[in-house]
Amino acid sequence: MLSQTFHPQIGGSEKQALELSKALAARGARVTVLTRRPAGTPAEETVDGVVIKRFSSFGPRAVNSLVFMVKSFFWLLANRAAYGAVHVHLASSPAVAAVLAGRLTGRKTVLKLGGGRGVDEITLSQHTLLGRLKLAFFRAARPELLVMNGEVYAWLKNSSEFSGLKLRQFRNGVDTGRYTPPLYNEKINAKAALGLDNAPVFLFVGRLAPEKRVKEFLEVWAEVLSAEAAPPRVRLLIVGGGPEEAALKRAVADLGLGGSVTLTGPKTDLLPYYRAADVFILPSISEGLSNSMLEAMACGVAVLASRVGGAKEAVAPGVSGLLFDPLNRTELKECLRAHIGDRGLAVRMGEQARKTAVDKYSMARVADELLEIYGED
């Protein structure tokens, strides 16, 4: 595994890489992760059977990435006998080192493409000279590119500009043994542990960035609650940090939502929040395949998501969740009112969400399929 950032740093990509590495190790694969070394972390350690090697790097961002890329390249060359495939998490600059090393050693190279349409790494790379050179190299070297949602896959597949890329639509996985639905009394206790009563809980988990449209969701939330003669007993938990955090706190105060909305900041252990939640919120304008959404689904939480990216493929509308146009406030209001007016709707949809997570997105199944991909010529 090759990833610029990894455990103990926490993010969607880092978490997915760690969980996938652990699942592969549990199946008898020897997994080594190459990553950068943040201050205070050991140069090497083993976590649940996964060997993590951290390379020190220095300088501003571009230099730092270059140093890590060079060190990764020479490690892959020198240790070619120790691995059969390289899986790069995100098609950033270190992917160039992995692909070039793969060409020289004959080892399989797989790149995971992150992000939703418009904020995916291919689109972002088109905006810089070095990014365009990277894409030209990928087209020539033809590594296997794992694409996490259908929108990006269809765009790349149907674009003559990227006809040289070798594409495979794939998906993230979730540990359905760890993330499980609570019993009724366990859910009540989970709400109480977070200082909540037994009211419906809507939950957002993710980076607080503009493309997530959490501020716009708060505005709709305020409109729905203010339109009721008696404000409904509902709670919204926003878990995460990011550049929009301060603006969201101001919005909660300005909209008078202090009684119904709580911003918790980033949390390492999300399971208590999933177990307390009834509906998972994902109002993004662009999205890949959200790890947090899959974890919530595995915990039996219904989904209320914008009709973009991986949510369109993971959520069956009206069955395991409700989908809406992220720019259509009326449609979002209807979805919110449907849940507020029928608490049993979340229960029914949550059961189907759990079934989808187990049948299609279990980490065990994803790991097995990846082992087959690694072994292909």
# chains A, B, ... in the order shown; residues from 1 in each chain; ligands from 1

call {"tool": "residues_around", "arguments": {"residues": "Glu331 of chain A", "least_positions_apart": "6", "cutoff": "12 Å", "atoms": "only C-alpha atoms", "output": "list in words"}}
result
Phe217, Val220, Val224, Pro283, Leu304, Ala305, Ser306, Arg307, Leu322, Leu323, Phe324, Asp325, Arg337 and Ala338 of chain A

call {"tool": "write_last_selection", "arguments": {"atoms": "N, CA and C atoms", "output": "PDB file, in the first residue's frame"}}
result
ATOM      1  N   PHE A 217     -27.748  23.116   4.245  1.00  0.00           N
ATOM      2  CA  PHE A 217     -28.643  22.168   4.922  1.00  0.00           C
ATOM      3  C   PHE A 217     -29.193  22.784   6.211  1.00  0.00           C
ATOM      4  N   VAL A 220     -32.090  25.054   5.429  1.00  0.00           N
ATOM      5  CA  VAL A 220     -33.326  24.309   5.156  1.00  0.00           C
ATOM      6  C   VAL A 220     -33.885  23.728   6.451  1.00  0.00           C
ATOM      7  N   VAL A 224     -37.691  24.350   7.877  1.00  0.00           N
ATOM      8  CA  VAL A 224     -38.641  23.272   8.160  1.00  0.00           C
ATOM      9  C   VAL A 224     -39.141  23.369   9.597  1.00  0.00           C
ATOM     10  N   PRO A 283     -25.465  15.994   2.250  1.00  0.00           N
ATOM     11  CA  PRO A 283     -26.012  16.965   1.290  1.00  0.00           C
ATOM     12  C   PRO A 283     -25.011  17.494   0.263  1.00  0.00           C
ATOM     13  N   LEU A 304     -30.259  10.001   3.960  1.00  0.00           N
ATOM     14  CA  LEU A 304     -30.873  11.141   3.278  1.00  0.00           C
ATOM     15  C   LEU A 304     -29.733  11.869   2.583  1.00  0.00           C
ATOM     16  N   ALA A 305     -29.588  11.668   1.282  1.00  0.00           N
ATOM     17  CA  ALA A 305     -28.396  12.123   0.580  1.00  0.00           C
ATOM     18  C   ALA A 305     -28.740  12.819  -0.720  1.00  0.00           C
ATOM     19  N   SER A 306     -27.832  13.694  -1.149  1.00  0.00           N
ATOM     20  CA  SER A 306     -27.987  14.314  -2.460  1.00  0.00           C
ATOM     21  C   SER A 306     -27.756  13.268  -3.544  1.00  0.00           C
ATOM     22  N   ARG A 307     -28.403  13.480  -4.652  1.00  0.00           N
ATOM     23  CA  ARG A 307     -28.408  12.509  -5.755  1.00  0.00           C
ATOM     24  C   ARG A 307     -27.155  12.661  -6.606  1.00  0.00           C
ATOM     25  N   LEU A 322     -33.604   8.222   1.119  1.00  0.00           N
ATOM     26  CA  LEU A 322     -34.222   9.203   0.232  1.00  0.00           C
ATOM     27  C   LEU A 322     -33.112  10.037  -0.401  1.00  0.00           C
ATOM     28  N   LEU A 323     -33.253  10.319  -1.693  1.00  0.00           N
ATOM     29  CA  LEU A 323     -32.272  11.111  -2.430  1.00  0.00           C
ATOM     30  C   LEU A 323     -32.921  12.404  -2.903  1.00  0.00           C
ATOM     31  N   PHE A 324     -32.128  13.460  -2.984  1.00  0.00           N
ATOM     32  CA  PHE A 324     -32.648  14.754  -3.411  1.00  0.00           C
ATOM     33  C   PHE A 324     -31.611  15.481  -4.253  1.00  0.00           C
ATOM     34  N   ASP A 325     -32.065  16.406  -5.060  1.00  0.00           N
ATOM     35  CA  ASP A 325     -31.194  17.295  -5.811  1.00  0.00           C
ATOM     36  C   ASP A 325     -30.556  18.269  -4.818  1.00  0.00           C
ATOM     37  N   ARG A 337     -39.408  16.390   5.965  1.00  0.00           N
ATOM     38  CA  ARG A 337     -40.757  16.297   6.544  1.00  0.00           C
ATOM     39  C   ARG A 337     -41.262  14.864   6.538  1.00  0.00           C
ATOM     40  N   ALA A 338     -40.861  14.086   5.543  1.00  0.00           N
ATOM     41  CA  ALA A 338     -41.266  12.682   5.504  1.00  0.00           C
ATOM     42  C   ALA A 338     -40.734  11.943   6.724  1.00  0.00           C
TER      43      ALA A 338
END

call {"tool": "residues_around", "arguments": {"residues": "segment 79-89 of chain A", "least_positions_apart": "4", "cutoff": "9 Å", "atoms": "only C-alpha atoms", "output": "PyMOL selection string"}}
result
chain A and resi 1-4+13-14+17+30-32+74-75+94-95+98-99+101-102+105-114+374-375

call {"tool": "closest_residue", "arguments": {"among": "A:Gly195, A:Pro210, A:Pro232, A:Gly116", "to": "Tyr153 of chain A", "atoms": "only C-alpha atoms"}}
result
A:Gly116

call {"tool": "residues_around", "arguments": {"residues": "segment 341-343 of chain A", "least_positions_apart": "6", "cutoff": "10 Å", "atoms": "only C-alpha atoms", "output": "PyMOL selection string"}}
result
chain A and resi 199-200+232+278

call {"tool": "write_last_selection", "arguments": {"atoms": "N, CA and C atoms", "output": "short mmCIF file (atom, residue, chain, number, x, y, z; two decimals), in the first residue's frame"}}
result
data_model
loop_
_atom_site.label_atom_id
_atom_site.label_comp_id
_atom_site.auth_asym_id
_atom_site.auth_seq_id
_atom_site.Cartn_x
_atom_site.Cartn_y
_atom_site.Cartn_z
N ALA A 199 -35.44 11.35 20.94
CA ALA A 199 -35.99 12.05 19.78
C ALA A 199 -35.27 11.57 18.53
N PRO A 200 -35.86 11.74 17.34
CA PRO A 200 -35.16 11.39 16.10
C PRO A 200 -33.85 12.17 15.97
N PRO A 232 -40.93 20.44 15.98
CA PRO A 232 -40.79 19.01 16.27
C PRO A 232 -39.57 18.71 17.14
N ASP A 278 -30.68 8.10 13.66
CA ASP A 278 -31.80 7.50 12.92
C ASP A 278 -31.67 7.74 11.42
#

call {"tool": "residues_around", "arguments": {"residues": "Ala209 of chain A", "least_positions_apart": "3", "cutoff": "7 Å", "atoms": "only C-alpha atoms", "output": "count of residues only"}}
result
4

call {"tool": "closest_residue", "arguments": {"among": "A:Val366, A:Val201, A:Leu34, A:Ala229", "to": "Val279 of chain A", "atoms": "only C-alpha atoms"}}
result
A:Val201

call {"tool": "atom_distance", "arguments": {"atom1": "atom CA of Leu145 of chain A", "atom2": "atom CA of Ser284 of chain A"}}
result
23.9 Å

call {"tool": "atom_distance", "arguments": {"atom1": "atom CA of Arg235 of chain A", "atom2": "atom CA of Leu196 of chain A"}}
result
8.2 Å

call {"tool": "closest_residue", "arguments": {"among": "A:Phe137, A:Thr5, A:Leu336, A:Gly12", "to": "Gly240 of chain A", "atoms": "only C-alpha atoms"}}
result
A:Gly12

call {"tool": "closest_residue", "arguments": {"among": "A:Thr123, A:Met297, A:Val303, A:Leu327", "to": "Thr180 of chain A", "atoms": "only C-alpha atoms"}}
result
A:Met297

call {"tool": "atom_distance", "arguments": {"atom1": "atom CA of Gly300 of chain A", "atom2": "atom CA of Ala277 of chain A"}}
result
9.1 Å

call {"tool": "residues_around", "arguments": {"residues": "Glu245 of chain A", "least_positions_apart": "5", "cutoff": "10 Å", "atoms": "only C-alpha atoms", "output": "list in words"}}
result
Arg207, Leu208, Ala209, Val214, Lys215, Ile238, Gly240, Arg250, Ala251, Leu263 and Gly265 of chain A

call {"tool": "select_by_dssp", "arguments": {"residues": "segment 130-162 of chain A", "states": "strand (DSSP E)", "output": "NGL selection string"}}
result
:A and (144-147)

call {"tool": "select_by_dssp", "arguments": {"residues": "segment 67-283 of chain A", "states": "helix (DSSP H, G or I)", "output": "PDB file with C-alpha atoms, in the first residue's frame"}}
result
ATOM      1  CA  VAL A  67      10.981  13.660  -1.381  1.00  0.00           C
ATOM      2  CA  PHE A  68       8.358  11.076  -0.418  1.00  0.00           C
ATOM      3  CA  MET A  69       7.872  10.116  -4.069  1.00  0.00           C
ATOM      4  CA  VAL A  70      11.610   9.534  -4.586  1.00  0.00           C
ATOM      5  CA  LYS A  71      12.015   7.531  -1.377  1.00  0.00           C
ATOM      6  CA  SER A  72       8.995   5.379  -2.258  1.00  0.00           C
ATOM      7  CA  PHE A  73      10.328   4.759  -5.759  1.00  0.00           C
ATOM      8  CA  PHE A  74      13.703   3.485  -4.561  1.00  0.00           C
ATOM      9  CA  TRP A  75      12.135   1.371  -1.802  1.00  0.00           C
ATOM     10  CA  LEU A  76       9.873  -0.309  -4.360  1.00  0.00           C
ATOM     11  CA  LEU A  77      12.842  -1.039  -6.611  1.00  0.00           C
ATOM     12  CA  ALA A  78      15.064  -2.331  -3.809  1.00  0.00           C
ATOM     13  CA  ARG A  80      10.786  -5.902  -5.472  1.00  0.00           C
ATOM     14  CA  ALA A  81      11.028  -9.468  -4.163  1.00  0.00           C
ATOM     15  CA  ALA A  82       8.913  -8.593  -1.107  1.00  0.00           C
ATOM     16  CA  SER A  93       2.229  12.414  -7.082  1.00  0.00           C
ATOM     17  CA  PRO A  94       3.423   9.239  -5.256  1.00  0.00           C
ATOM     18  CA  ALA A  95       1.345   7.264  -7.758  1.00  0.00           C
ATOM     19  CA  VAL A  96       3.896   8.273 -10.411  1.00  0.00           C
ATOM     20  CA  ALA A  97       6.636   6.567  -8.374  1.00  0.00           C
ATOM     21  CA  ALA A  98       4.544   3.416  -7.992  1.00  0.00           C
ATOM     22  CA  VAL A  99       3.606   3.216 -11.674  1.00  0.00           C
ATOM     23  CA  LEU A 100       7.172   3.801 -12.828  1.00  0.00           C
ATOM     24  CA  ALA A 101       8.489   1.214 -10.374  1.00  0.00           C
ATOM     25  CA  GLY A 102       5.824  -1.198 -11.572  1.00  0.00           C
ATOM     26  CA  ARG A 103       6.948  -0.746 -15.179  1.00  0.00           C
ATOM     27  CA  LEU A 104      10.553  -1.485 -14.197  1.00  0.00           C
ATOM     28  CA  THR A 105       9.830  -4.433 -11.895  1.00  0.00           C
ATOM     29  CA  GLU A 121      -8.128  13.888  -8.896  1.00  0.00           C
ATOM     30  CA  ILE A 122      -8.267  13.706 -12.688  1.00  0.00           C
ATOM     31  CA  THR A 123     -10.162  17.012 -12.910  1.00  0.00           C
ATOM     32  CA  LEU A 124      -7.925  18.686 -10.351  1.00  0.00           C
ATOM     33  CA  SER A 125      -4.792  17.474 -12.158  1.00  0.00           C
ATOM     34  CA  LEU A 129       1.163  21.650 -15.784  1.00  0.00           C
ATOM     35  CA  LEU A 130       2.588  18.962 -13.507  1.00  0.00           C
ATOM     36  CA  GLY A 131      -0.879  17.453 -13.169  1.00  0.00           C
ATOM     37  CA  ARG A 132      -1.311  17.253 -16.942  1.00  0.00           C
ATOM     38  CA  LEU A 133       2.115  15.645 -17.277  1.00  0.00           C
ATOM     39  CA  LYS A 134       1.103  13.097 -14.635  1.00  0.00           C
ATOM     40  CA  LEU A 135      -2.068  12.251 -16.555  1.00  0.00           C
ATOM     41  CA  ALA A 136      -0.104  11.851 -19.796  1.00  0.00           C
ATOM     42  CA  PHE A 137       2.214   9.440 -18.010  1.00  0.00           C
ATOM     43  CA  PHE A 138      -0.738   7.428 -16.681  1.00  0.00           C
ATOM     44  CA  ARG A 139      -2.232   7.185 -20.172  1.00  0.00           C
ATOM     45  CA  ALA A 140       1.059   5.821 -21.490  1.00  0.00           C
ATOM     46  CA  ALA A 141       1.813   3.468 -18.586  1.00  0.00           C
ATOM     47  CA  GLY A 150     -20.380   5.743 -11.588  1.00  0.00           C
ATOM     48  CA  GLU A 151     -20.402   9.448 -12.524  1.00  0.00           C
ATOM     49  CA  VAL A 152     -16.618   9.681 -12.700  1.00  0.00           C
ATOM     50  CA  TYR A 153     -16.342   6.241 -14.308  1.00  0.00           C
ATOM     51  CA  ALA A 154     -18.811   7.115 -17.082  1.00  0.00           C
ATOM     52  CA  TRP A 155     -17.099  10.456 -17.722  1.00  0.00           C
ATOM     53  CA  LEU A 156     -13.647   8.900 -18.031  1.00  0.00           C
ATOM     54  CA  LYS A 157     -14.831   5.923 -20.056  1.00  0.00           C
ATOM     55  CA  SER A 160     -11.588  10.410 -25.830  1.00  0.00           C
ATOM     56  CA  GLU A 161      -9.043  12.398 -23.819  1.00  0.00           C
ATOM     57  CA  PHE A 162      -8.770   9.587 -21.292  1.00  0.00           C
ATOM     58  CA  TYR A 184     -34.044  -0.739  20.435  1.00  0.00           C
ATOM     59  CA  ASN A 185     -32.950  -0.314  24.052  1.00  0.00           C
ATOM     60  CA  GLU A 186     -29.311   0.010  22.945  1.00  0.00           C
ATOM     61  CA  LYS A 187     -30.238   2.878  20.643  1.00  0.00           C
ATOM     62  CA  ILE A 188     -32.034   4.664  23.479  1.00  0.00           C
ATOM     63  CA  ASN A 189     -28.979   4.171  25.684  1.00  0.00           C
ATOM     64  CA  ALA A 190     -26.706   5.430  22.871  1.00  0.00           C
ATOM     65  CA  LYS A 191     -28.755   8.624  22.598  1.00  0.00           C
ATOM     66  CA  ALA A 192     -28.668   9.095  26.379  1.00  0.00           C
ATOM     67  CA  ALA A 193     -24.873   8.625  26.410  1.00  0.00           C
ATOM     68  CA  PRO A 210     -18.062  24.073   1.102  1.00  0.00           C
ATOM     69  CA  GLU A 211     -18.782  21.169  -1.276  1.00  0.00           C
ATOM     70  CA  LYS A 212     -20.520  19.331   1.575  1.00  0.00           C
ATOM     71  CA  VAL A 214     -23.790  21.714   5.406  1.00  0.00           C
ATOM     72  CA  LYS A 215     -24.534  25.437   5.793  1.00  0.00           C
ATOM     73  CA  GLU A 216     -27.231  25.220   3.134  1.00  0.00           C
ATOM     74  CA  PHE A 217     -28.643  22.168   4.922  1.00  0.00           C
ATOM     75  CA  LEU A 218     -28.805  24.160   8.171  1.00  0.00           C
ATOM     76  CA  GLU A 219     -30.808  26.873   6.408  1.00  0.00           C
ATOM     77  CA  VAL A 220     -33.326  24.309   5.156  1.00  0.00           C
ATOM     78  CA  TRP A 221     -33.428  22.672   8.594  1.00  0.00           C
ATOM     79  CA  ALA A 222     -34.304  26.051  10.134  1.00  0.00           C
ATOM     80  CA  GLU A 223     -37.040  26.676   7.557  1.00  0.00           C
ATOM     81  CA  VAL A 224     -38.641  23.272   8.160  1.00  0.00           C
ATOM     82  CA  LEU A 225     -38.641  23.674  11.936  1.00  0.00           C
ATOM     83  CA  SER A 226     -39.938  27.252  11.857  1.00  0.00           C
ATOM     84  CA  GLU A 245     -16.536  24.952  11.103  1.00  0.00           C
ATOM     85  CA  ALA A 246     -16.495  28.554  12.339  1.00  0.00           C
ATOM     86  CA  ALA A 247     -19.051  29.648   9.727  1.00  0.00           C
ATOM     87  CA  LEU A 248     -21.354  26.781  10.710  1.00  0.00           C
ATOM     88  CA  LYS A 249     -21.189  27.739  14.379  1.00  0.00           C
ATOM     89  CA  ARG A 250     -22.175  31.288  13.431  1.00  0.00           C
ATOM     90  CA  ALA A 251     -25.014  29.960  11.269  1.00  0.00           C
ATOM     91  CA  VAL A 252     -26.378  27.867  14.149  1.00  0.00           C
ATOM     92  CA  ALA A 253     -26.412  30.969  16.355  1.00  0.00           C
ATOM     93  CA  ASP A 254     -27.824  33.302  13.679  1.00  0.00           C
ATOM     94  CA  LEU A 271     -19.593   4.265  16.404  1.00  0.00           C
ATOM     95  CA  PRO A 272     -21.457   5.908  19.348  1.00  0.00           C
ATOM     96  CA  TYR A 273     -22.851   8.498  16.939  1.00  0.00           C
ATOM     97  CA  TYR A 274     -23.971   5.958  14.343  1.00  0.00           C
ATOM     98  CA  ARG A 275     -25.691   3.907  17.050  1.00  0.00           C
ATOM     99  CA  ALA A 276     -27.580   6.972  18.278  1.00  0.00           C
TER     100      ALA A 276
END

call {"tool": "closest_residue", "arguments": {"among": "A:Ala367, A:Val315, A:Leu294, A:Val301", "to": "Glu351 of chain A", "atoms": "only C-alpha atoms"}}
result
A:Val301

call {"tool": "residues_around", "arguments": {"residues": "Pro8 of chain A", "least_positions_apart": "5", "cutoff": "10 Å", "atoms": "only C-alpha atoms", "output": "list of chain:residue names"}}
result
A:Glu14, A:Lys15, A:Leu18, A:Pro38, A:Thr41, A:Thr268

call {"tool": "write_last_selection", "arguments": {"atoms": "C-alpha atoms", "output": "PDB file, in the first residue's frame"}}
result
ATOM      1  CA  GLU A  14      -6.736   7.052   5.440  1.00  0.00           C
ATOM      2  CA  LYS A  15      -9.442   5.137   7.278  1.00  0.00           C
ATOM      3  CA  LEU A  18      -6.214   1.075   7.094  1.00  0.00           C
ATOM      4  CA  PRO A  38       4.423  12.893  10.806  1.00  0.00           C
ATOM      5  CA  THR A  41       5.251   8.767  14.979  1.00  0.00           C
ATOM      6  CA  THR A 268     -11.967   9.446  16.464  1.00  0.00           C
TER       7      THR A 268
END
